[in-house]
Structure formats: C-alpha cells, structure tokens
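Novice: I have a structure I would like to understand better, so I am pasting it below and will then ask my questions one at a time.
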Amino acid sequence: MRVTVIDYKAGNLTSVLKSLHHVGAETEVTDVPGPLENAECIVLPGVGHFQATERLDNTGLTDAIRAAIARGVPFLGICVGMQWLYSGSSEAPDQPGLGHFDASCARFTEGTEKVPHVGWNSLAINPASRLLKGIVEGSHVYFTHSFRAPITAGTAAVAHYIEDFAAAVERDNVFGVQFHPEKSGETGLQILKNLLEIAR
C-alpha cells in the first residue's frame with residue numbers, strides 16, 4: 001500500500017513517515033497536486049498555525065484533495081490537518097477549511113488549566129469507528145494544540161481538556177485525528193494500520 005503524504009511546509013513529516021514505514025506502508029511525499037491523481041491513500045500531517053493551510057489553496061492541493069476524496073480515496077488529516085476538514089478556525093478567520101464537516105474550530109477557553117493542551121489524554125470512542133477499530137476505550141494518545149474541533153455527527157472519539165472536544169472524526173472515506181498517532185505509541189500505530197486496512 002502506497003500512502004501519499006502532503007507536505008505543505010507545516011507538517012511533522014519525519015515522524016509521520018517513520019511510523020507509516022513501521023506499519024508496512026510505502027510512502028511518497030508531495031507538495032504539488034499531480035501525485036494525488038493516482039493516490040491510494042492520502043495523509044495530511046499538520047502542526048502550527050491554521051493560516052498555513054493557505055498553501056493548500058495556492059498550490060491547487062485543495063482541489064486535488066477534494067477530487068481524490070470524491071473518488072473514494074481514504075484521507076487522514078492529523079492535528080491541524082484534522083481541523084482543516086472543518087469549515088474553518090477562529091485562529092485564521094479569513095482562511096477557509098475544506099468544509100467536509102460543517103462547523104468551525106475555536107481556541108480553548110483558558111482558565112485554571114493552561115493552553116495549549118499538551119500531553120497524553122484518554123479517548124471516549126464511538127464503537128462504530130473504523131479508524132479506531134480495536135482501540136480500547138480509555139486508551140491514551142498524545143496531544144499538542146490550542147484550538148479544538150467541536151463535537152458533531154462525524155465525531156469518532158471525544159477527549160476532555162477544559163471542555164469536551166472532537167479527538168477524531170470520520171465520515172465515509174475521510175478521517176481526522178486531533179492527536180498525533182506518530183507520537184502515540186502502539187495505539188497510534190494501530191490507528192495507522194487501520195487506515196491501511198481501510199485503503200486496501
């Protein structure tokens with residue numbers, strides 16, 4: 001199975017590629033739309049500011065991703081890559097997301113707990129999730145983020161920090177995780193294995 005990993009100059013590519021290789025995937029990295037035309041599975045890693053997703057629009061990658069999704073190609077967004085699946089984020093109000101999920105992301109409300117949310121946290125899992133198949137309820141994964149996605153009909157897992165938020169989403173062939181599977185030990189590797197199984 002070949003996984004096409006999108007490089008929009010704001011992703012944690014090295015760790016993601018290493019984890020994909022560990023679970024048996026072949027990988028190719030692209031920052032242009034062409035390779036997405038024949039992609040078997042697509043991963044969009046992301047860290048940093050939501051504004052960086054502007055590069056996806058400027059390079060034609062957004063349209064290529066939308067076309068690949070329409071063909072049924074499995075797509076996984078990680079961290080900001082998951083937030084991009086929503087309509088947008090208050091972090092960059094003028095930068096639209098893909099709009100696959102009809103809601104917007106917003107910053108945690110800072111109070112007694114500090115923002116960003118960094119560290120391990122447990123998952124409350126929707127048992128119907130294909131991406132999280134075999135993941136035990138309450139499993140811990142690694143987060144680092146200041147903005148969170150709202151819980152919607154597409155939420156596959158919920159975590160709590162200050163408030164409940166969507167830790168994973170899925171609808172049809174589109175998946176997203178707010179946490180970093182490449183930093184989440186065996187749980188994260190199992191999630192990547194599940195993605196490959198879905199793509200086969």
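Residue names in the structure tokens use chain letters A, B, ... in the order shown, residue numbers from 1 in each chain, and ligand numbers from 1 in the order shown.
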List the neighbours of Asn121 in chain A out to 9 Å using only C-alpha atoms; skip same-chain residues closer than 5 positions along the sequence, and give me the result as a PyMOL selection string.
Specialist: chain A and resi 138-143+159-161
Novice: Would you save the residues from that selection as a compact mmCIF listing (two decimals), in the first residue's frame, using N, CA and C atoms?
Specialist:
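What landed in part_2.txt:
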# COMPACT_ATOMS: atom_id res chain seq x y z
N GLY A 138 -10.74 4.39 26.52
CA GLY A 138 -9.87 4.96 27.53
C GLY A 138 -8.39 4.95 27.17
N SER A 139 -8.05 4.45 25.97
CA SER A 139 -6.65 4.47 25.54
C SER A 139 -6.13 5.90 25.49
N HIS A 140 -4.86 6.06 25.81
CA HIS A 140 -4.25 7.38 25.84
C HIS A 140 -3.46 7.66 24.56
N VAL A 141 -3.58 8.88 24.08
CA VAL A 141 -2.86 9.34 22.89
C VAL A 141 -2.27 10.72 23.19
N TYR A 142 -1.36 11.16 22.33
CA TYR A 142 -0.59 12.38 22.61
C TYR A 142 -1.13 13.58 21.84
N PHE A 143 -1.44 14.65 22.58
CA PHE A 143 -1.97 15.88 22.00
C PHE A 143 -1.01 17.03 22.18
N ALA A 159 -12.34 13.62 23.58
CA ALA A 159 -11.42 13.77 24.71
C ALA A 159 -11.87 14.99 25.50
N HIS A 160 -11.35 15.12 26.70
CA HIS A 160 -11.72 16.25 27.55
C HIS A 160 -10.47 16.97 28.05
N TYR A 161 -10.43 18.26 27.77
CA TYR A 161 -9.45 19.16 28.37
C TYR A 161 -10.13 20.52 28.43
Novice: Mind listing the alpha helix (DSSP H) residues of range 47-107 of chain A, per DSSP on the backbone, as number ranges by chain?
Specialist: A: 54-58, 61-70, 80-83
Novice: Would you put the residues from that selection into a file with N, CA and C atoms, as an mmCIF file, in the first residue's frame?
Specialist:
data_model
loop_
_atom_site.group_PDB
_atom_site.id
_atom_site.type_symbol
_atom_site.label_atom_id
_atom_site.label_comp_id
_atom_site.auth_asym_id
_atom_site.auth_seq_id
_atom_site.Cartn_x
_atom_site.Cartn_y
_atom_site.Cartn_z
ATOM 1 N N GLU A 54 -3.336 27.864 3.886
ATOM 2 C CA GLU A 54 -3.499 28.689 2.688
ATOM 3 C C GLU A 54 -2.680 28.123 1.527
ATOM 4 N N ARG A 55 -1.565 27.513 1.867
ATOM 5 C CA ARG A 55 -0.696 26.944 0.820
ATOM 6 C C ARG A 55 -1.407 25.837 0.050
ATOM 7 N N LEU A 56 -2.294 25.123 0.710
ATOM 8 C CA LEU A 56 -3.050 24.074 0.019
ATOM 9 C C LEU A 56 -3.911 24.672 -1.088
ATOM 10 N N ASP A 57 -4.505 25.827 -0.812
ATOM 11 C CA ASP A 57 -5.315 26.507 -1.820
ATOM 12 C C ASP A 57 -4.435 27.064 -2.940
ATOM 13 N N ASN A 58 -3.336 27.685 -2.575
ATOM 14 C CA ASN A 58 -2.500 28.382 -3.554
ATOM 15 C C ASN A 58 -1.803 27.432 -4.517
ATOM 16 N N LEU A 61 -3.620 22.092 -4.243
ATOM 17 C CA LEU A 61 -3.766 20.839 -3.496
ATOM 18 C C LEU A 61 -5.182 20.664 -2.940
ATOM 19 N N THR A 62 -5.823 21.755 -2.555
ATOM 20 C CA THR A 62 -7.185 21.638 -2.017
ATOM 21 C C THR A 62 -8.116 21.005 -3.042
ATOM 22 N N ASP A 63 -8.079 21.491 -4.277
ATOM 23 C CA ASP A 63 -8.938 20.928 -5.322
ATOM 24 C C ASP A 63 -8.583 19.476 -5.607
ATOM 25 N N ALA A 64 -7.280 19.160 -5.580
ATOM 26 C CA ALA A 64 -6.852 17.782 -5.848
ATOM 27 C C ALA A 64 -7.284 16.842 -4.728
ATOM 28 N N ILE A 65 -7.228 17.327 -3.491
ATOM 29 C CA ILE A 65 -7.691 16.526 -2.357
ATOM 30 C C ILE A 65 -9.197 16.295 -2.459
ATOM 31 N N ARG A 66 -9.930 17.345 -2.780
ATOM 32 C CA ARG A 66 -11.384 17.217 -2.900
ATOM 33 C C ARG A 66 -11.748 16.198 -3.986
ATOM 34 N N ALA A 67 -11.023 16.225 -5.103
ATOM 35 C CA ALA A 67 -11.286 15.282 -6.193
ATOM 36 C C ALA A 67 -10.951 13.848 -5.768
ATOM 37 N N ALA A 68 -9.840 13.675 -5.044
ATOM 38 C CA ALA A 68 -9.454 12.341 -4.584
ATOM 39 C C ALA A 68 -10.487 11.784 -3.616
ATOM 40 N N ILE A 69 -10.967 12.620 -2.698
ATOM 41 C CA ILE A 69 -11.997 12.194 -1.751
ATOM 42 C C ILE A 69 -13.251 11.770 -2.498
ATOM 43 N N ALA A 70 -13.622 12.531 -3.527
ATOM 44 C CA ALA A 70 -14.812 12.207 -4.317
ATOM 45 C C ALA A 70 -14.662 10.863 -5.028
ATOM 46 N N VAL A 80 -3.639 19.924 12.885
ATOM 47 C CA VAL A 80 -4.216 20.989 12.067
ATOM 48 C C VAL A 80 -4.818 20.407 10.788
ATOM 49 N N GLY A 81 -4.273 19.282 10.333
ATOM 50 C CA GLY A 81 -4.841 18.599 9.176
ATOM 51 C C GLY A 81 -6.265 18.130 9.425
ATOM 52 N N MET A 82 -6.594 17.762 10.671
ATOM 53 C CA MET A 82 -7.974 17.433 11.009
ATOM 54 C C MET A 82 -8.816 18.698 11.083
ATOM 55 N N GLN A 83 -8.310 19.748 11.729
ATOM 56 C CA GLN A 83 -9.072 20.990 11.839
ATOM 57 C C GLN A 83 -9.416 21.551 10.464
#
Novice: Counting only C-alpha atoms, which residue out of A:Pro181, A:Leu189, A:Ala103, A:Leu195 sits closest to Thr155 in chain A?
Specialist: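 Among A:Pro181, A:Leu189, A:Ala103, A:Leu195, it is A:Ala103 that comes nearest to Thr155 in chain A.
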Novice: Nearest to His49 in chain A: which of A:Ala10, A:Leu196, A:Val16, A:Ala149 is it, counting only C-alpha atoms?
Specialist: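 Between A:Ala10, A:Leu196, A:Val16, A:Ala149, the residue approaching His49 in chain A most closely is A:Ala10.
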Novice: Might you pull out every residue within 12 Å of Thr53 in chain A, with only C-alpha atoms counted and same-chain residues fewer than 5 positions away left off, and present them as a short mmCIF file (atom, residue, chain, number, x, y, z; two decimals) with C-alpha atoms, in the first residue's frame?
Specialist:
data_model
loop_
_atom_site.label_atom_id
_atom_site.label_comp_id
_atom_site.auth_asym_id
_atom_site.auth_seq_id
_atom_site.Cartn_x
_atom_site.Cartn_y
_atom_site.Cartn_z
CA ILE A 6 1.21 16.00 1.65
CA ASP A 7 3.96 18.46 2.53
CA TYR A 8 2.56 21.97 2.86
CA LYS A 9 5.63 23.12 4.78
CA ALA A 10 3.93 22.93 8.18
CA GLY A 11 3.76 19.23 8.96
CA LEU A 44 -2.12 15.40 5.65
CA PRO A 45 0.06 15.99 8.73
CA GLY A 46 -0.10 19.43 10.25
CA VAL A 47 1.33 21.48 13.08
CA GLY A 48 1.38 25.19 13.79
CA ASN A 58 -2.50 28.38 -3.55
CA THR A 59 -0.86 25.23 -4.95
CA GLY A 60 -4.05 23.54 -6.13
CA LEU A 61 -3.77 20.84 -3.50
CA THR A 62 -7.18 21.64 -2.02
CA GLY A 77 -5.81 14.65 8.48
CA VAL A 80 -4.22 20.99 12.07
CA GLY A 81 -4.84 18.60 9.18
CA MET A 82 -7.97 17.43 11.01
CA GLN A 83 -9.07 20.99 11.84
CA TRP A 84 -8.75 21.82 8.14
CA LEU A 85 -11.52 19.30 7.42
CA GLY A 88 -12.51 26.96 9.27
CA SER A 89 -10.94 28.09 12.53
CA GLU A 91 -7.23 31.07 14.54
CA ALA A 92 -7.37 32.38 10.94
CA ASP A 94 -10.31 34.54 6.67
CA GLN A 95 -8.78 31.17 5.72
CA PRO A 96 -11.41 28.55 4.84
CA GLY A 97 -11.05 24.88 5.58
CA LEU A 98 -12.18 22.04 3.33
#
Novice: Excluding Ala39 in chain A and its own-chain neighbours fewer than 4 positions away, which residues fall within 9 Å of it when counting only C-alpha atoms? Please give them as a list of chain:residue names.
Specialist: A:Arg2, A:Val3, A:Thr4, A:Pro35, A:Ala68, A:Val73
Novice: For Ile191 in chain A, please output as a compact mmCIF listing (two decimals) with N, CA and C atoms, in the first residue's frame all residues within 12 Å (counting only C-alpha atoms; exclusion window: fewer than 3 positions along the same chain).
Specialist:
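Final output, around.txt:
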# COMPACT_ATOMS: atom_id res chain seq x y z
N SER A 19 6.58 6.35 11.09
CA SER A 19 5.51 5.50 11.63
C SER A 19 4.80 4.74 10.51
N LEU A 20 4.57 5.39 9.38
CA LEU A 20 3.93 4.70 8.25
C LEU A 20 4.81 3.57 7.74
N VAL A 23 4.57 0.48 9.95
CA VAL A 23 3.38 -0.38 9.81
C VAL A 23 3.27 -0.97 8.41
N LEU A 76 -6.60 10.97 5.61
CA LEU A 76 -6.42 11.19 7.04
C LEU A 76 -5.75 12.52 7.27
N ILE A 78 -4.17 15.01 10.24
CA ILE A 78 -3.60 14.93 11.59
C ILE A 78 -3.44 16.33 12.16
N SER A 129 -16.56 3.27 14.89
CA SER A 129 -15.44 3.85 14.15
C SER A 129 -14.59 2.77 13.50
N ARG A 130 -14.32 2.94 12.22
CA ARG A 130 -13.42 2.02 11.51
C ARG A 130 -11.97 2.38 11.78
N LEU A 131 -11.68 3.67 11.87
CA LEU A 131 -10.30 4.10 12.09
C LEU A 131 -9.80 3.65 13.46
N LEU A 132 -10.70 3.59 14.43
CA LEU A 132 -10.31 3.25 15.80
C LEU A 132 -10.67 1.81 16.16
N LYS A 133 -10.86 0.99 15.16
CA LYS A 133 -11.18 -0.41 15.39
C LYS A 133 -10.07 -1.08 16.23
N GLY A 134 -10.47 -1.78 17.29
CA GLY A 134 -9.51 -2.48 18.12
C GLY A 134 -8.84 -1.61 19.17
N ILE A 135 -9.12 -0.32 19.17
CA ILE A 135 -8.55 0.57 20.18
C ILE A 135 -9.42 0.51 21.44
N VAL A 136 -8.82 0.23 22.56
CA VAL A 136 -9.55 0.04 23.81
C VAL A 136 -10.07 1.38 24.33
N SER A 139 -8.05 4.45 25.97
CA SER A 139 -6.65 4.47 25.54
C SER A 139 -6.13 5.90 25.49
N VAL A 141 -3.58 8.88 24.08
CA VAL A 141 -2.86 9.34 22.89
C VAL A 141 -2.27 10.72 23.19
N ALA A 168 -11.26 12.70 17.29
CA ALA A 168 -11.18 12.02 16.00
C ALA A 168 -12.52 12.17 15.29
N PHE A 175 -11.13 10.87 7.30
CA PHE A 175 -10.81 10.66 8.71
C PHE A 175 -9.92 11.79 9.21
N GLY A 176 -10.00 12.07 10.49
CA GLY A 176 -9.12 13.07 11.09
C GLY A 176 -8.86 12.72 12.54
N VAL A 177 -7.66 13.03 13.02
CA VAL A 177 -7.32 12.86 14.43
C VAL A 177 -6.64 14.14 14.92
N PHE A 179 -5.05 14.33 17.77
CA PHE A 179 -3.80 13.89 18.41
C PHE A 179 -2.79 13.46 17.34
N HIS A 180 -1.60 13.11 17.80
CA HIS A 180 -0.53 12.69 16.89
C HIS A 180 -0.34 11.18 16.98
N PRO A 181 -0.84 10.42 16.02
CA PRO A 181 -0.65 8.96 16.09
C PRO A 181 0.82 8.57 16.03
N GLU A 182 1.62 9.38 15.35
CA GLU A 182 3.05 9.07 15.23
C GLU A 182 3.79 9.26 16.54
N LYS A 183 3.14 9.86 17.55
CA LYS A 183 3.75 10.05 18.87
C LYS A 183 2.97 9.32 19.95
N SER A 184 2.05 8.44 19.55
CA SER A 184 1.12 7.82 20.50
C SER A 184 1.36 6.33 20.69
N GLY A 185 2.59 5.88 20.51
CA GLY A 185 2.95 4.50 20.83
C GLY A 185 2.17 3.48 20.03
N GLU A 186 1.90 2.34 20.66
CA GLU A 186 1.22 1.24 19.98
C GLU A 186 -0.20 1.62 19.55
N THR A 187 -0.86 2.45 20.35
CA THR A 187 -2.21 2.89 19.97
C THR A 187 -2.17 3.65 18.65
N GLY A 188 -1.24 4.56 18.54
CA GLY A 188 -1.12 5.33 17.30
C GLY A 188 -0.76 4.46 16.11
N ASN A 194 -4.97 0.51 10.84
CA ASN A 194 -6.38 0.52 10.46
C ASN A 194 -6.61 1.32 9.19
N LEU A 195 -5.91 2.46 9.08
CA LEU A 195 -6.03 3.28 7.87
C LEU A 195 -5.61 2.49 6.63
N LEU A 196 -4.51 1.76 6.75
CA LEU A 196 -4.04 0.96 5.61
C LEU A 196 -5.03 -0.13 5.26
N GLU A 197 -5.63 -0.74 6.27
CA GLU A 197 -6.64 -1.79 6.00
C GLU A 197 -7.84 -1.20 5.29
N ILE A 198 -8.28 -0.03 5.70
CA ILE A 198 -9.40 0.64 5.04
C ILE A 198 -9.07 0.92 3.59
Novice: Find the residue from A:Arg107, A:Arg171, A:His100, A:Lys193 that sits nearest to His22 in chain A; use only C-alpha atoms when measuring.
Specialist: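 Among the listed residues, A:Lys193 lies closest to His22 in chain A.
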Novice: State, in Å with one decimal place, the distance from CA of Pro127 in chain A to CA of Asp172 in chain A.
Specialist: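 Interatomic distance, CA of Pro127 in chain A to CA of Asp172 in chain A: 15.3 Å.
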Novice: What is the distance, in Å and to one decimal place, between CA of Arg148 in chain A and CA of Ala106 in chain A?
Specialist: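 Going from CA of Arg148 in chain A over to CA of Ala106 in chain A, I get 5.7 Å.
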Novice: Using only C-alpha atoms, find the one residue out of A:Arg200, A:Arg71, A:Asn126, A:Glu110 that sits nearest to Val174 in chain A.
Specialist: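 Closest candidate: A:Arg71.
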Novice: Quick one: of A:Asn12, A:Ser122, A:Thr109, A:Ser87, who's nearest to Ser146 in chain A, counting only C-alpha atoms?
Specialist: A:Thr109
Novice: With a distance cut-off of 9 Å and only C-alpha atoms, select the neighbouring residues of Thr144 in chain A, excluding the residue or stretch itself and same-chain residues fewer than 6 positions from it, and output the selection as a list of chain:residue names.
Specialist: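 After dropping sequence-adjacent residues, the list is A:Val47, A:Cys79, A:Pro116, A:His117, A:Val118, A:Gly119, A:Trp120, A:Gln178, A:Phe179, A:His180.
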Novice: Write down as a ChimeraX atom specification the residues of range 31-148 of chain A whose backbone DSSP state falls under strand (DSSP E).
Specialist: /A:42-44,75-78,86-89,101-107,117-122,124-125,140-145,147-148
